[in-house]
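Everything below belongs to target25.cif, which stores mmCIF, C-alpha atoms.
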data_structure
loop_
_atom_site.label_atom_id
_atom_site.label_comp_id
_atom_site.auth_asym_id
_atom_site.auth_seq_id
_atom_site.Cartn_x
_atom_site.Cartn_y
_atom_site.Cartn_z
CA LEU A 1 49.61 90.67 -8.32
CA THR A 2 47.03 87.96 -8.87
CA GLY A 3 48.70 84.69 -9.69
CA LEU A 4 51.70 85.38 -7.45
CA ASP A 5 51.97 84.12 -3.90
CA LYS A 6 53.29 86.51 -1.25
CA ALA A 7 56.88 85.26 -1.52
CA GLU A 8 56.89 85.73 -5.31
CA THR A 9 55.34 89.18 -4.91
CA VAL A 10 58.03 90.20 -2.42
CA GLU A 11 60.74 88.86 -4.73
CA LYS A 12 59.37 90.86 -7.64
CA HIS A 13 58.42 94.14 -5.88
CA GLY A 14 60.25 94.18 -2.53
CA LYS A 15 58.94 93.69 1.00
CA ASP A 16 58.29 97.38 1.76
CA GLN A 17 56.21 97.89 -1.38
CA VAL A 18 54.22 94.70 -0.82
CA ASN A 19 53.54 95.64 2.80
CA LEU A 20 52.37 99.07 1.65
CA TRP A 21 49.89 97.43 -0.74
CA ARG A 22 48.79 94.84 1.85
CA ARG A 23 48.38 97.09 4.85
CA SER A 24 47.79 100.67 3.75
CA TYR A 25 44.27 102.03 3.65
CA ASP A 26 44.26 103.82 0.32
CA VAL A 27 47.18 102.54 -1.79
CA PRO A 28 46.05 99.85 -4.24
CA PRO A 29 48.45 97.52 -6.02
CA PRO A 30 49.06 97.98 -9.75
CA PRO A 31 45.92 97.33 -11.81
CA VAL A 32 45.52 94.04 -13.61
CA GLU A 33 45.83 94.32 -17.39
CA GLU A 34 42.63 93.63 -19.34
CA ALA A 35 44.54 91.06 -21.41
CA SER A 36 45.48 89.12 -18.25
CA GLU A 37 43.90 85.74 -17.60
CA TYR A 38 43.18 87.09 -14.11
CA PHE A 39 41.07 90.06 -15.22
CA GLN A 40 37.46 89.31 -14.24
CA GLY A 41 36.22 90.74 -17.51
CA ASN A 42 37.69 87.70 -19.27
CA ASP A 43 35.69 85.29 -17.10
CA PRO A 44 32.30 84.30 -18.58
CA LYS A 45 30.85 84.43 -15.05
CA TYR A 46 31.16 88.25 -15.23
CA GLY A 47 29.98 88.55 -18.84
CA HIS A 48 26.86 90.46 -17.77
CA VAL A 49 28.98 93.24 -16.21
CA ALA A 50 30.54 95.99 -18.32
CA LYS A 51 34.33 95.67 -18.27
CA ASP A 52 34.73 99.27 -17.09
CA GLN A 53 32.65 98.39 -14.00
CA LEU A 54 34.99 95.59 -12.90
CA PRO A 55 37.81 96.42 -10.48
CA LYS A 56 41.37 96.15 -11.72
CA ALA A 57 42.90 96.73 -8.29
CA GLU A 58 41.52 97.20 -4.81
CA SER A 59 42.77 99.03 -1.74
CA LEU A 60 41.29 98.59 1.72
CA GLU A 61 39.41 101.85 1.14
CA ILE A 62 37.72 100.40 -1.96
CA THR A 63 37.11 97.07 -0.20
CA ARG A 64 35.52 98.91 2.72
CA ALA A 65 33.02 100.70 0.48
CA ARG A 66 31.98 97.35 -1.04
CA VAL A 67 31.80 95.56 2.33
CA LEU A 68 29.80 98.31 4.04
CA LYS A 69 27.25 98.30 1.23
CA PHE A 70 26.71 94.57 1.86
CA TRP A 71 26.78 95.10 5.65
CA ASP A 72 24.06 97.76 5.45
CA SER A 73 21.82 96.04 2.91
CA VAL A 74 22.11 92.37 3.92
CA ILE A 75 23.72 91.73 7.29
CA LYS A 76 22.27 94.57 9.40
CA PRO A 77 18.65 93.66 8.62
CA VAL A 78 19.31 90.05 9.67
CA LEU A 79 20.94 91.23 12.90
CA ALA A 80 18.08 93.65 13.51
CA SER A 81 15.68 90.70 13.37
CA GLY A 82 17.48 89.23 16.38
CA ALA A 83 19.31 86.48 14.50
CA ASP A 84 22.94 85.59 15.04
CA VAL A 85 25.24 85.95 12.05
CA LEU A 86 28.48 84.17 11.19
CA ILE A 87 30.72 85.96 8.71
CA SER A 88 33.56 84.14 7.00
CA ALA A 89 35.60 86.24 4.60
CA HIS A 90 38.98 87.22 3.22
CA GLY A 91 41.30 89.19 5.51
CA ASN A 92 40.84 92.59 3.86
CA SER A 93 37.07 92.26 3.90
CA LEU A 94 37.25 91.43 7.60
CA ARG A 95 39.62 94.35 8.24
CA ALA A 96 37.10 96.65 6.54
CA LEU A 97 34.29 95.34 8.72
CA LEU A 98 36.47 95.57 11.82
CA MET A 99 37.02 99.26 11.06
CA GLU A 100 33.26 99.76 11.14
CA LEU A 101 32.49 97.66 14.22
CA ASP A 102 35.40 98.89 16.31
CA GLY A 103 35.68 102.45 15.03
CA VAL A 104 39.26 101.81 13.93
CA ASP A 105 40.70 104.65 11.83
CA LYS A 106 42.80 104.40 8.70
CA GLU A 107 45.98 105.24 10.63
CA THR A 108 45.49 102.35 13.09
CA ILE A 109 44.23 99.60 10.77
CA PRO A 110 47.64 98.85 9.14
CA GLY A 111 48.91 97.57 12.50
CA ILE A 112 46.04 95.15 13.05
CA ASN A 113 46.55 91.58 11.85
CA ILE A 114 43.52 89.31 11.93
CA PRO A 115 44.54 85.74 12.78
CA THR A 116 43.46 83.23 10.15
CA GLY A 117 40.67 80.85 11.11
CA THR A 118 40.05 82.37 14.55
CA PRO A 119 36.51 83.48 15.39
CA LEU A 120 36.14 87.08 16.53
CA VAL A 121 32.89 87.47 18.48
CA TYR A 122 30.93 90.69 18.88
CA ASN A 123 27.88 91.40 21.03
CA LEU A 124 25.50 93.94 19.58
CA ALA A 125 22.90 95.81 21.60
CA PRO A 126 19.38 94.82 20.53
CA GLY A 127 17.62 97.49 18.52
CA THR A 128 20.68 99.71 18.06
CA LEU A 129 23.26 97.26 16.69
CA GLN A 130 25.90 99.14 18.70
CA VAL A 131 28.85 96.97 19.72
CA ILE A 132 28.93 96.10 23.41
CA PRO A 133 32.59 95.51 24.38
CA ARG A 134 33.23 91.85 25.24
CA ALA A 135 35.23 90.62 28.19
CA GLY A 136 38.68 89.66 26.93
CA ALA A 137 38.67 92.21 24.10
CA VAL A 138 42.05 93.80 23.47
CA ALA A 139 41.97 97.47 22.42
CA PRO A 140 41.24 98.80 19.89
CA LEU A 141 38.94 95.81 19.32
CA ARG A 142 35.62 95.55 21.14
CA GLY A 143 35.06 91.98 19.97
CA ALA A 144 37.05 89.11 21.49
CA TYR A 145 38.77 86.20 19.77
CA LEU A 146 37.78 82.70 20.80
CA GLY A 147 40.61 80.46 21.90
CA ASP A 148 43.82 80.61 23.86
CA ALA A 149 45.23 84.17 23.87
CA GLU A 150 48.80 83.02 23.15
CA ALA A 151 47.68 80.87 20.23
CA VAL A 152 45.61 83.74 18.83
CA ALA A 153 48.60 86.10 19.15
CA ALA A 154 50.83 83.56 17.39
CA LYS A 155 48.33 83.31 14.50
CA ALA A 156 48.18 87.12 14.21
CA ALA A 157 52.00 87.25 14.18
CA ALA A 158 52.03 84.65 11.40
CA VAL A 159 49.74 86.87 9.32
CA ALA A 160 52.04 89.84 9.94
CA ALA A 161 55.06 87.78 8.85
CA GLN A 162 53.59 86.54 5.56
CA THR A 163 55.92 88.74 3.56
CA GLU A 164 59.06 87.57 5.33
CA LYS A 165 61.45 85.51 3.22
CA LYS A 166 61.51 81.86 4.20
#

This entry written out as structure tokens:
Amino acid sequence: LTGLDKAETVEKHGKDQVNLWRRSYDVPPPPVEEASEYFQGNDPKYGHVAKDQLPKAESLEITRARVLKFWDSVIKPVLASGADVLISAHGNSLRALLMELDGVDKETIPGINIPTGTPLVYNLAPGTLQVIPRAGAVAPLRGAYLGDAEAVAAKAAAVAAQTEKK
């Protein structure tokens, strides 16, 4: 699907299929062909990585495994030191992290749309890194978005509607 915007992807594969790929937990899109200009194995930047180790497609489940490895090895130690951390990432990476922080299960996550460019703030208990629910959090989230609630909801709705024909 790389190289296509969402409208082109819907045109080619249909809205229901695209939404399944975008929002399901464990259904990846079709794998990229190794001959494709978009396959990472054809990028010199990844020349040190064996081609069979590079992903050709990624579901939220696969993304989550990658994100949690980074969370555990890099971010948690920084948080444990008492520092604040700002994370800026792609939507699926953030959805994977949200599953961890909020205990959201794979059946619930497809219905959660993270508004673009809107900070989501979590408080973590010192020493345990357990999430302390924030005032203004809307279940199932325990973090709270910064900004006007109606504007945040409108941004989340815009994310949900990305596969609608214009």

Decode the PyMOL selection byres ((chain A and resi 88) around 12) for the given file into explicit residues and return them as a list in words.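 Listing what the PyMOL selection byres ((chain A and resi 88) around 12) selects in the shown file: Val85, Leu86, Ile87, Ala89, His90, Gly91, Asn92, Ser93, Leu94, Arg95, Leu97, Thr116, Gly117, Thr118, Pro119, Leu120 and Val121 of chain A.
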
Calculate how many Å separate CA of Ser81 (chain A) from CA of Glu100 (chain A), rounding to one decimal.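 We find that CA of Ser81 (chain A) and CA of Glu100 (chain A) lie 19.9 Å from each other.
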
As a check of understanding, name the residues that the PyMOL selection byres ((chain A and resi 162) around 12) selects in the supplied structure, as an MDAnalysis selection string. chainID A and resid 5:10 15 18:19 22:23 113 115:116 155:161 163:166

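Of note, CA of Thr128 (chain A) and CA of Lys69 (chain A) are spaced 18.1 Å apart.
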
Would you mind reading off the distance between CA of Ala80 (chain A) and CA of Gly127 (chain A), one decimal, in Å?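 Interatomic distance here is 6.3 Å.
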
For the provided coordinates, the residues matched by the PyMOL selection byres ((chain A and resi 30) around 9) should be stated as a CSV table (one decimal) with C-alpha atoms, in the coordinates of the input.
chain,number,residue,atom,x,y,z
A,1,LEU,CA,49.6,90.7,-8.3
A,28,PRO,CA,46.0,99.8,-4.2
A,29,PRO,CA,48.4,97.5,-6.0
A,31,PRO,CA,45.9,97.3,-11.8
A,32,VAL,CA,45.5,94.0,-13.6
A,56,LYS,CA,41.4,96.2,-11.7
A,57,ALA,CA,42.9,96.7,-8.3

Which is closer to Ser36 (chain A) than all the others in A:Gly3, A:Ala151, A:Leu68, A:Gly103, using only C-alpha atoms?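 Closest residue, counting only C-alpha atoms: A:Gly3.
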
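Distances from A:Glu11, A:Glu58, A:Asp84, A:Asp52 to Glu34 (chain A) were compared using only C-alpha atoms, and the smallest one belongs to A:Asp52.
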
Write out as a list of chain:residue names the residues lying within 12 Å of Val138 (chain A), counting all atoms listed in the file and excluding same-chain residues fewer than 6 positions away.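 Once the nearby chain positions are removed, what remains is A:Asp102, A:Ile112, A:Leu120, A:Ala144, A:Tyr145, A:Ala149, A:Val152, A:Ala153.
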
Kindly indicate which residue among A:Val104, A:Leu146, A:Ile75, A:Ala50 lies nearest to Leu129 (chain A), using only C-alpha atoms for the distances.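 Looking only at the distances to Leu129 (chain A), the closest residue turns out to be A:Ile75.
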
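Of the listed residues (A:Lys45, A:Tyr25, A:Ser59, A:Leu20), A:Tyr25 comes nearest to Glu107 (chain A); the distances count all atoms listed in the file.
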
Show which residues sit within 7 Å of Gly41 (chain A), as a ChimeraX atom specification. Count all atoms listed in the file, and ignore same-chain residues fewer than 2 positions away. /A:39,43,46-47,51,54

Between A:Lys76, A:Glu150, A:Ala35, A:Leu101, which one has atoms that come closest to Val131 (chain A), using only C-alpha atoms?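 Nearest candidate to Val131 (chain A) out of A:Lys76, A:Glu150, A:Ala35, A:Leu101: A:Leu101.
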
Kindly indicate which residue among A:Trp21, A:His13, A:Gly143, A:Leu124 lies nearest to Gly82 (chain A), using all atoms listed in the file for the distances.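 Under the stated criterion, the closest residue is A:Leu124.
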
Would you mind completing region 113-124 of chain A so that it carries all heavy atoms, and writing it out as an mmCIF file, in the coordinates of the input?
data_model
loop_
_atom_site.group_PDB
_atom_site.id
_atom_site.type_symbol
_atom_site.label_atom_id
_atom_site.label_comp_id
_atom_site.auth_asym_id
_atom_site.auth_seq_id
_atom_site.Cartn_x
_atom_site.Cartn_y
_atom_site.Cartn_z
ATOM 1 N N ASN A 113 46.495 92.816 12.627
ATOM 2 C CA ASN A 113 46.550 91.580 11.850
ATOM 3 C C ASN A 113 45.502 90.623 12.389
ATOM 4 O O ASN A 113 45.513 90.277 13.573
ATOM 5 C CB ASN A 113 47.941 90.954 11.949
ATOM 6 C CG ASN A 113 48.973 91.795 11.251
ATOM 7 O OD1 ASN A 113 48.970 91.890 10.031
ATOM 8 N ND2 ASN A 113 49.847 92.429 12.010
ATOM 9 N N ILE A 114 44.602 90.205 11.536
ATOM 10 C CA ILE A 114 43.520 89.310 11.930
ATOM 11 C C ILE A 114 44.018 87.873 11.772
ATOM 12 O O ILE A 114 44.370 87.457 10.666
ATOM 13 C CB ILE A 114 42.264 89.560 11.083
ATOM 14 C CG1 ILE A 114 41.783 90.995 11.313
ATOM 15 C CG2 ILE A 114 41.181 88.548 11.401
ATOM 16 C CD1 ILE A 114 40.618 91.409 10.452
ATOM 17 N N PRO A 115 44.053 87.119 12.878
ATOM 18 C CA PRO A 115 44.540 85.740 12.780
ATOM 19 C C PRO A 115 43.623 84.874 11.932
ATOM 20 O O PRO A 115 42.396 84.928 12.073
ATOM 21 C CB PRO A 115 44.573 85.271 14.237
ATOM 22 C CG PRO A 115 43.730 86.221 15.006
ATOM 23 C CD PRO A 115 43.659 87.493 14.230
ATOM 24 N N THR A 116 44.206 84.098 11.061
ATOM 25 C CA THR A 116 43.460 83.230 10.150
ATOM 26 C C THR A 116 42.710 82.150 10.924
ATOM 27 O O THR A 116 43.265 81.521 11.811
ATOM 28 C CB THR A 116 44.416 82.591 9.131
ATOM 29 O OG1 THR A 116 45.097 83.633 8.436
ATOM 30 C CG2 THR A 116 43.680 81.713 8.138
ATOM 31 N N GLY A 117 41.446 81.951 10.561
ATOM 32 C CA GLY A 117 40.670 80.850 11.110
ATOM 33 C C GLY A 117 40.358 80.961 12.586
ATOM 34 O O GLY A 117 40.114 79.943 13.235
ATOM 35 N N THR A 118 40.332 82.166 13.126
ATOM 36 C CA THR A 118 40.050 82.370 14.550
ATOM 37 C C THR A 118 38.813 83.235 14.699
ATOM 38 O O THR A 118 38.834 84.398 14.309
ATOM 39 C CB THR A 118 41.263 83.042 15.232
ATOM 40 O OG1 THR A 118 42.433 82.264 14.990
ATOM 41 C CG2 THR A 118 41.034 83.156 16.727
ATOM 42 N N PRO A 119 37.744 82.691 15.250
ATOM 43 C CA PRO A 119 36.510 83.480 15.390
ATOM 44 C C PRO A 119 36.701 84.718 16.268
ATOM 45 O O PRO A 119 37.325 84.652 17.327
ATOM 46 C CB PRO A 119 35.529 82.507 16.040
ATOM 47 C CG PRO A 119 36.074 81.142 15.733
ATOM 48 C CD PRO A 119 37.561 81.312 15.705
ATOM 49 N N LEU A 120 36.166 85.820 15.802
ATOM 50 C CA LEU A 120 36.140 87.080 16.530
ATOM 51 C C LEU A 120 34.671 87.369 16.810
ATOM 52 O O LEU A 120 33.884 87.543 15.882
ATOM 53 C CB LEU A 120 36.771 88.198 15.696
ATOM 54 C CG LEU A 120 36.757 89.610 16.256
ATOM 55 C CD1 LEU A 120 37.454 89.689 17.609
ATOM 56 C CD2 LEU A 120 37.437 90.569 15.279
ATOM 57 N N VAL A 121 34.294 87.389 18.089
ATOM 58 C CA VAL A 121 32.890 87.470 18.480
ATOM 59 C C VAL A 121 32.557 88.868 18.976
ATOM 60 O O VAL A 121 33.282 89.440 19.786
ATOM 61 C CB VAL A 121 32.567 86.433 19.574
ATOM 62 C CG1 VAL A 121 31.106 86.510 19.987
ATOM 63 C CG2 VAL A 121 32.909 85.026 19.094
ATOM 64 N N TYR A 122 31.446 89.389 18.459
ATOM 65 C CA TYR A 122 30.930 90.690 18.880
ATOM 66 C C TYR A 122 29.551 90.492 19.494
ATOM 67 O O TYR A 122 28.778 89.642 19.042
ATOM 68 C CB TYR A 122 30.784 91.640 17.684
ATOM 69 C CG TYR A 122 32.093 92.129 17.140
ATOM 70 C CD1 TYR A 122 32.769 91.426 16.162
ATOM 71 C CD2 TYR A 122 32.657 93.311 17.606
ATOM 72 C CE1 TYR A 122 33.972 91.878 15.660
ATOM 73 C CE2 TYR A 122 33.865 93.768 17.113
ATOM 74 C CZ TYR A 122 34.519 93.048 16.138
ATOM 75 O OH TYR A 122 35.713 93.495 15.657
ATOM 76 N N ASN A 123 29.239 91.303 20.494
ATOM 77 C CA ASN A 123 27.880 91.400 21.030
ATOM 78 C C ASN A 123 27.327 92.739 20.584
ATOM 79 O O ASN A 123 27.995 93.768 20.743
ATOM 80 C CB ASN A 123 27.882 91.345 22.563
ATOM 81 C CG ASN A 123 28.197 89.960 23.086
ATOM 82 O OD1 ASN A 123 27.971 88.961 22.412
ATOM 83 N ND2 ASN A 123 28.727 89.903 24.285
ATOM 84 N N LEU A 124 26.128 92.712 20.037
ATOM 85 C CA LEU A 124 25.500 93.940 19.580
ATOM 86 C C LEU A 124 24.245 94.201 20.409
ATOM 87 O O LEU A 124 23.466 93.286 20.679
ATOM 88 C CB LEU A 124 25.133 93.832 18.097
ATOM 89 C CG LEU A 124 26.297 93.521 17.163
ATOM 90 C CD1 LEU A 124 25.799 93.318 15.748
ATOM 91 C CD2 LEU A 124 27.338 94.609 17.198
#
